[in-house]
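Novice: For reference, the structure I am asking about is given below.
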Amino acid sequence: MTAVAASANGRTTQRWLVRPDELDPVLLVSAGVLLALGLVMVASASITVAAREFGDPWHFLVKQAVFAGAGLVTAWVMVQLPLARWQQLARPLLVLSLVLLALVLVPGFGRTVNGSTRWLELGAIGFQVSEAAKLAMIVYLSDFVVRRSTAVQSSWGGFLSPLALVALAAVLLLLEPDFGAAVVLVACALTILFLGGVPLARFALLVGTATAGLVALAFSSPYRMERISAFLDPWADPFNSGFQLTQSLIAIGSGAWTGVGLGASVQKLFYLPEAHTDFLFAIFAEEMGLLGVLAVIVLYFVLVGRAFDIAGRAHRASMAFAGYLASGLGVWIALQAFINIGVNMGLLPTKGLTLPLMSYGGSSTLTMCAAIGLLLRVQYEVAAVQRQAKRRGGKR
């Protein structure tokens with residue numbers, strides 16, 4: 001693996017390893033702080049559950065620390081791989097992710113938790129394939145709109161052919177079922193196609209069709225209808241269908257301005273289910289209060305804003321694949337954070353999506369760290385091209 005660097009005379013040279021001082025400090029710090037906050041909150045939110053279920057109050061913290069360490073290694077590897085290599089791997093990675101999504105549904109391979117078969121058994125490890133599938137789809141579509149830009153912008157075939165693969169992935173996710181992951185995947189795909197120049201009329205037709213389909217699916221399943229009913233009025237059945245949301249709202253309301261203090265949450269004492277995973281934000285709000293919540297939201301704004309800034313610089317440098325990739329990754333992080341926070345606050349029905357870089361979970365932590373690594377690689381290559389262009393301009 002080699003990294004691209006600009007030499008003093010403006011020529012491109014090859015060397016090993018991208019140095020940390022060559023990477024975007026804002027992106028590094030915002031992502032690093034969120035990951036560190038996640039470790040602290042996983043420890044706090046899971047301590048009582050871990051002690052009861054495993055006899056070790058730090059069980060989930062230790063595992064999450066291992067996940068975070070593996071995620072940092074994954075991000076480092078992603079930074080070292082040139083974007084040209086990711087373009088070459090785009091189609092094989094998508095095919096692999098689709099095969100794995102199908103394999104999850106095969107009895108004996110998939111693991112079912114709380115009625116959903118989302119995890120592929122890899123020995124003693126369970127891997128949630130939907131996380132990797134989102135990343136693979138973003139990489140593939142970023143490459144597709146570059147290779148087939150004319151067809152995407154001018155013909156129905158070029159517009160619909162990638163959507164067939166998106167639809168296939170979405171159907172496989174819905175069969176698990178994982179409605180939230182399907183929504184995020186479709187939204188990221190639509191964003192990349194829109195940026196790729198799909199005519200507005202076709203894009204509007206696509207968005208309308210996708211929205212109508214997702215709404216129909218939401219109302220077609222009894223368990224989804226139960227979630228919608230609980231979302232609309234959780235207090236109508238606060239001890240059954242509305243229990244999780246009411247406990248989440250109690251936790252958030254209890255935090256007031258400054259919170260009850262780190263580790264002092266009451267709702268994590270077996271009141272709020274999934275306190276260290278999907279509802280980590282509610283425990284954070286209870287312990288850190290509104291001021292802590294605003295700080296976390298600002299960190300996500302900085303992280304996502306940086307992703308879009310990198311995407312804009314990539315397009316201005318005529319690096320289309322890098323621009324689409326950074327945009328897709330930014331939308332993914334933003335949308336997943338928005339949905340998780342919205343669910344915790346009762347603004348959206350329960351979706352089962354983690355809070356990026358913070359919630360407990362190996363698959364989510366690894367793939368989010370991989371996404372950050374890819375963003376850093378895009379930033380590095382864009383900066384190298386801009387430096388070369390500046391040197392050429394200075395010589396004229």
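Naming works like this for the structure tokens: A, B, ... for the chains as they're shown, residue 1 at the start of each chain, ligands 1 onward in shown order.
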Name the residues of stretch 192-342 of chain A that come out as alpha helix (DSSP H) in a backbone DSSP run; write them as an MDAnalysis selection string.

Specialist: chainID A and resid 192:195 200:220 222:232 243:255 280:316 320:342

Novice: Can you list, as an mmCIF file with N, CA and C atoms, in the first residue's frame, every protein, DNA or RNA residue that comes within 7 Å of A:Gly330 when you count only C-alpha atoms, leaving out same-chain residues fewer than 4 positions away?

Specialist:
```
data_model
loop_
_atom_site.group_PDB
_atom_site.id
_atom_site.type_symbol
_atom_site.label_atom_id
_atom_site.label_comp_id
_atom_site.auth_asym_id
_atom_site.auth_seq_id
_atom_site.Cartn_x
_atom_site.Cartn_y
_atom_site.Cartn_z
ATOM 1 N N VAL A 304 -20.163 16.465 10.113
ATOM 2 C CA VAL A 304 -20.881 16.383 8.837
ATOM 3 C C VAL A 304 -20.544 17.583 7.951
ATOM 4 N N ALA A 307 -17.381 16.969 6.271
ATOM 5 C CA ALA A 307 -17.532 16.018 5.170
ATOM 6 C C ALA A 307 -18.026 16.725 3.907
ATOM 7 N N PHE A 308 -18.999 17.611 4.057
ATOM 8 C CA PHE A 308 -19.527 18.327 2.899
ATOM 9 C C PHE A 308 -18.518 19.349 2.360
ATOM 10 N N ALA A 326 -17.492 11.528 -0.470
ATOM 11 C CA ALA A 326 -17.562 12.339 0.743
ATOM 12 C C ALA A 326 -18.989 12.798 1.020
ATOM 13 N N ALA A 334 -25.008 11.981 8.988
ATOM 14 C CA ALA A 334 -26.002 12.972 9.414
ATOM 15 C C ALA A 334 -27.372 12.334 9.602
#
```

Novice: Between atom CA of A:Ala181 and atom CA of A:Leu348, what is the distance, to one decimal in Å?

Specialist: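 Rounded to one decimal, the two atoms are 14.4 Å apart.
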
Novice: Using only C-alpha atoms, determine which residues lie at most 9 Å from stretch 200-213 of chain A, disregarding the query and same-chain residues fewer than 2 positions distant; provide the list as a list in words.

Specialist: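 Contacts, in chain order: Trp156, Phe159, Val186, Leu190, Leu193, Phe194, Gly197, Val198, Val215, Ala216, Leu217 and Ala218 of chain A.
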
Novice: Using only C-alpha atoms, find each residue of stretch 44-145 of chain A with at least one atom at most 10 Å away from an atom of stretch 258-263 of chain A; report its shortest atom-to-atom pair and that distance in Å (one decimal), sort the rows by chain and rising residue number, and return the result as JSON lines.

Specialist:
```
{"residue": "A:Ser44", "atom": "CA", "partner": "A:Gly263", "partner_atom": "CA", "distance": 5.2}
{"residue": "A:Ala45", "atom": "CA", "partner": "A:Gly263", "partner_atom": "CA", "distance": 7.6}
{"residue": "A:Ile47", "atom": "CA", "partner": "A:Gly263", "partner_atom": "CA", "distance": 9.0}
```

Novice: Hey, can you check how far atom CA of A:Arg391 sits from atom CA of A:Met319?

Specialist: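 Taking atom CA of A:Arg391 as the start and atom CA of A:Met319 as the end point, the length is 18.1 Å.
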
Novice: For A:Glu381, find every residue with an atom within 12 Å (counting only C-alpha atoms), except residues of its own chain fewer than 3 positions away, and show them as an MDAnalysis selection string.

Specialist: chainID A and resid 3:6 12 18 22:24 79:84 310:311 313:314 317:319 321:323 374:378 384:388

Novice: Okay, now the selection with N, CA and C atoms, as an mmCIF file, in the first residue's frame?

Specialist:
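And here's selection.cif as it stands now:
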```
data_model
loop_
_atom_site.group_PDB
_atom_site.id
_atom_site.type_symbol
_atom_site.label_atom_id
_atom_site.label_comp_id
_atom_site.auth_asym_id
_atom_site.auth_seq_id
_atom_site.Cartn_x
_atom_site.Cartn_y
_atom_site.Cartn_z
ATOM 1 N N ALA A 3 1.034 5.693 -0.482
ATOM 2 C CA ALA A 3 0.285 6.936 -0.411
ATOM 3 C C ALA A 3 0.839 7.895 -1.443
ATOM 4 N N VAL A 4 -0.036 8.756 -1.978
ATOM 5 C CA VAL A 4 0.376 9.713 -2.991
ATOM 6 C C VAL A 4 0.800 10.994 -2.304
ATOM 7 N N ALA A 5 1.909 11.551 -2.728
ATOM 8 C CA ALA A 5 2.381 12.814 -2.164
ATOM 9 C C ALA A 5 2.924 13.702 -3.269
ATOM 10 N N ALA A 6 2.874 14.995 -3.042
ATOM 11 C CA ALA A 6 3.404 15.953 -4.018
ATOM 12 C C ALA A 6 4.825 16.300 -3.635
ATOM 13 N N THR A 12 4.303 13.921 -8.839
ATOM 14 C CA THR A 12 3.731 12.984 -7.882
ATOM 15 C C THR A 12 4.732 11.899 -7.553
ATOM 16 N N VAL A 18 0.504 7.537 5.172
ATOM 17 C CA VAL A 18 0.089 8.923 5.338
ATOM 18 C C VAL A 18 0.349 9.306 6.793
ATOM 19 N N GLU A 22 -0.794 15.150 8.268
ATOM 20 C CA GLU A 22 -1.290 15.466 6.924
ATOM 21 C C GLU A 22 -2.808 15.338 6.842
ATOM 22 N N LEU A 23 -3.434 14.960 7.936
ATOM 23 C CA LEU A 23 -4.871 14.728 7.950
ATOM 24 C C LEU A 23 -5.611 15.918 8.561
ATOM 25 N N ASP A 24 -6.887 16.029 8.228
ATOM 26 C CA ASP A 24 -7.730 17.139 8.675
ATOM 27 C C ASP A 24 -7.894 17.097 10.194
ATOM 28 N N VAL A 79 -7.277 5.004 5.438
ATOM 29 C CA VAL A 79 -6.516 6.197 5.068
ATOM 30 C C VAL A 79 -5.361 5.848 4.135
ATOM 31 N N GLN A 80 -4.762 4.693 4.323
ATOM 32 C CA GLN A 80 -3.592 4.323 3.539
ATOM 33 C C GLN A 80 -3.941 3.870 2.113
ATOM 34 N N LEU A 81 -5.152 3.414 1.885
ATOM 35 C CA LEU A 81 -5.527 2.900 0.561
ATOM 36 C C LEU A 81 -5.936 4.037 -0.374
ATOM 37 N N PRO A 82 -5.325 4.167 -1.535
ATOM 38 C CA PRO A 82 -5.696 5.222 -2.487
ATOM 39 C C PRO A 82 -7.150 5.087 -2.940
ATOM 40 N N LEU A 83 -7.762 6.199 -3.261
ATOM 41 C CA LEU A 83 -9.155 6.178 -3.723
ATOM 42 C C LEU A 83 -9.303 5.390 -5.017
ATOM 43 N N ALA A 84 -8.257 5.396 -5.844
ATOM 44 C CA ALA A 84 -8.308 4.620 -7.085
ATOM 45 C C ALA A 84 -8.534 3.137 -6.795
ATOM 46 N N ILE A 310 -15.252 18.933 2.464
ATOM 47 C CA ILE A 310 -14.292 18.106 1.712
ATOM 48 C C ILE A 310 -14.880 17.724 0.364
ATOM 49 N N ALA A 311 -16.171 17.379 0.343
ATOM 50 C CA ALA A 311 -16.832 17.021 -0.914
ATOM 51 C C ALA A 311 -16.805 18.192 -1.894
ATOM 52 N N ARG A 313 -14.673 20.704 -1.993
ATOM 53 C CA ARG A 313 -13.303 20.918 -2.473
ATOM 54 C C ARG A 313 -12.906 19.856 -3.496
ATOM 55 N N ALA A 314 -13.390 18.622 -3.291
ATOM 56 C CA ALA A 314 -13.090 17.555 -4.253
ATOM 57 C C ALA A 314 -13.690 17.867 -5.617
ATOM 58 N N ALA A 317 -11.823 20.484 -7.400
ATOM 59 C CA ALA A 317 -10.549 19.962 -7.900
ATOM 60 C C ALA A 317 -10.753 18.932 -9.008
ATOM 61 N N SER A 318 -11.995 18.801 -9.504
ATOM 62 C CA SER A 318 -12.347 17.850 -10.570
ATOM 63 C C SER A 318 -12.094 16.398 -10.149
ATOM 64 N N MET A 319 -12.312 16.100 -8.890
ATOM 65 C CA MET A 319 -12.192 14.739 -8.367
ATOM 66 C C MET A 319 -13.601 14.246 -8.050
ATOM 67 N N PHE A 321 -15.265 11.281 -8.168
ATOM 68 C CA PHE A 321 -15.490 10.125 -7.292
ATOM 69 C C PHE A 321 -15.305 10.507 -5.831
ATOM 70 N N ALA A 322 -14.233 11.248 -5.534
ATOM 71 C CA ALA A 322 -13.979 11.686 -4.161
ATOM 72 C C ALA A 322 -15.109 12.571 -3.648
ATOM 73 N N GLY A 323 -15.622 13.459 -4.515
ATOM 74 C CA GLY A 323 -16.707 14.346 -4.103
ATOM 75 C C GLY A 323 -17.988 13.610 -3.789
ATOM 76 N N LEU A 374 -12.185 6.831 5.331
ATOM 77 C CA LEU A 374 -12.368 7.173 3.919
ATOM 78 C C LEU A 374 -12.453 8.688 3.724
ATOM 79 N N LEU A 375 -13.167 9.373 4.612
ATOM 80 C CA LEU A 375 -13.245 10.833 4.528
ATOM 81 C C LEU A 375 -11.859 11.466 4.660
ATOM 82 N N LEU A 376 -11.080 10.934 5.583
ATOM 83 C CA LEU A 376 -9.724 11.450 5.757
ATOM 84 C C LEU A 376 -8.871 11.197 4.524
ATOM 85 N N ARG A 377 -9.076 10.043 3.877
ATOM 86 C CA ARG A 377 -8.335 9.751 2.637
ATOM 87 C C ARG A 377 -8.735 10.720 1.527
ATOM 88 N N VAL A 378 -10.029 10.998 1.416
ATOM 89 C CA VAL A 378 -10.490 11.967 0.415
ATOM 90 C C VAL A 378 -9.846 13.325 0.672
ATOM 91 N N ALA A 384 -3.573 17.171 -1.605
ATOM 92 C CA ALA A 384 -2.385 16.944 -2.425
ATOM 93 C C ALA A 384 -2.570 17.535 -3.818
ATOM 94 N N VAL A 385 -3.739 17.330 -4.412
ATOM 95 C CA VAL A 385 -4.020 17.875 -5.745
ATOM 96 C C VAL A 385 -4.044 19.393 -5.707
ATOM 97 N N GLN A 386 -4.640 19.962 -4.648
ATOM 98 C CA GLN A 386 -4.692 21.425 -4.549
ATOM 99 C C GLN A 386 -3.295 22.020 -4.382
ATOM 100 N N ARG A 387 -2.431 21.334 -3.618
ATOM 101 C CA ARG A 387 -1.060 21.829 -3.468
ATOM 102 C C ARG A 387 -0.321 21.809 -4.804
ATOM 103 N N GLN A 388 -0.519 20.739 -5.575
ATOM 104 C CA GLN A 388 0.115 20.656 -6.882
ATOM 105 C C GLN A 388 -0.381 21.759 -7.810
#
```

Novice: With distances taken over only C-alpha atoms, which residue among A:Leu355, A:Ala65, A:Leu329, A:Val99 lies nearest A:Val40?

Specialist: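 Between A:Leu355, A:Ala65, A:Leu329, A:Val99, the residue approaching A:Val40 most closely is A:Ala65.
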
Novice: Using only C-alpha atoms, can you tell me which of A:Ser359, A:Ala68, A:Ala320, A:Ile333 comes closest to A:Arg148?

Specialist: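 That would be A:Ala320, the residue with the smallest distance to A:Arg148.
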
Novice: My list of candidates is A:Leu101, A:Ile341, A:Ile250, A:Ile372. Which is closest to A:Val293 when distances are computed with only C-alpha atoms?

Specialist: A:Ile341

Novice: Could you work out how far atom CA of A:Gly110 lies from atom CA of A:Leu122, giving the answer in Å with one decimal?

Specialist: 9.6 Å

Novice: Run DSSP on the backbone and give me the residues of stretch 37-239 of chain A it puts in strand (DSSP E or B), as an MDAnalysis selection string.

Specialist: chainID A and resid 110:113 116:122 125:128

Novice: Nearest to A:Pro25: which of A:Phe301, A:Trp119, A:Trp76, A:Tyr380 is it, counting only C-alpha atoms?

Specialist: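 Selected residue with least distance to A:Pro25: A:Tyr380.
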
Novice: Which one is closest to A:Gln379: A:His315, A:Leu34, A:Leu291, A:Thr350? Count only C-alpha atoms.

Specialist: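 Nearest candidate to A:Gln379 out of A:His315, A:Leu34, A:Leu291, A:Thr350: A:His315.
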
Novice: Env of A:Ser265: 7 Å cut, atoms = only C-alpha atoms, seq-sep filter 2 positions within chain, self excluded. Answer as number ranges by chain.

Specialist: A: 260, 263, 267-268, 283, 286-287

Novice: Just to be explicit: take each residue in the selection above, keep C-alpha atoms, and write the result as a compact mmCIF listing (two decimals), in the first residue's frame.

Specialist:
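The file below, again28.txt, is the result:
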```txt
# COMPACT_ATOMS: atom_id res chain seq x y z
CA VAL A 260 -28.00 14.66 37.10
CA GLY A 263 -23.07 7.88 36.32
CA GLN A 267 -33.39 5.29 33.95
CA LYS A 268 -30.45 3.00 33.24
CA ILE A 283 -29.01 8.41 29.14
CA GLU A 286 -30.20 12.59 31.59
CA GLU A 287 -26.65 12.68 32.92
```
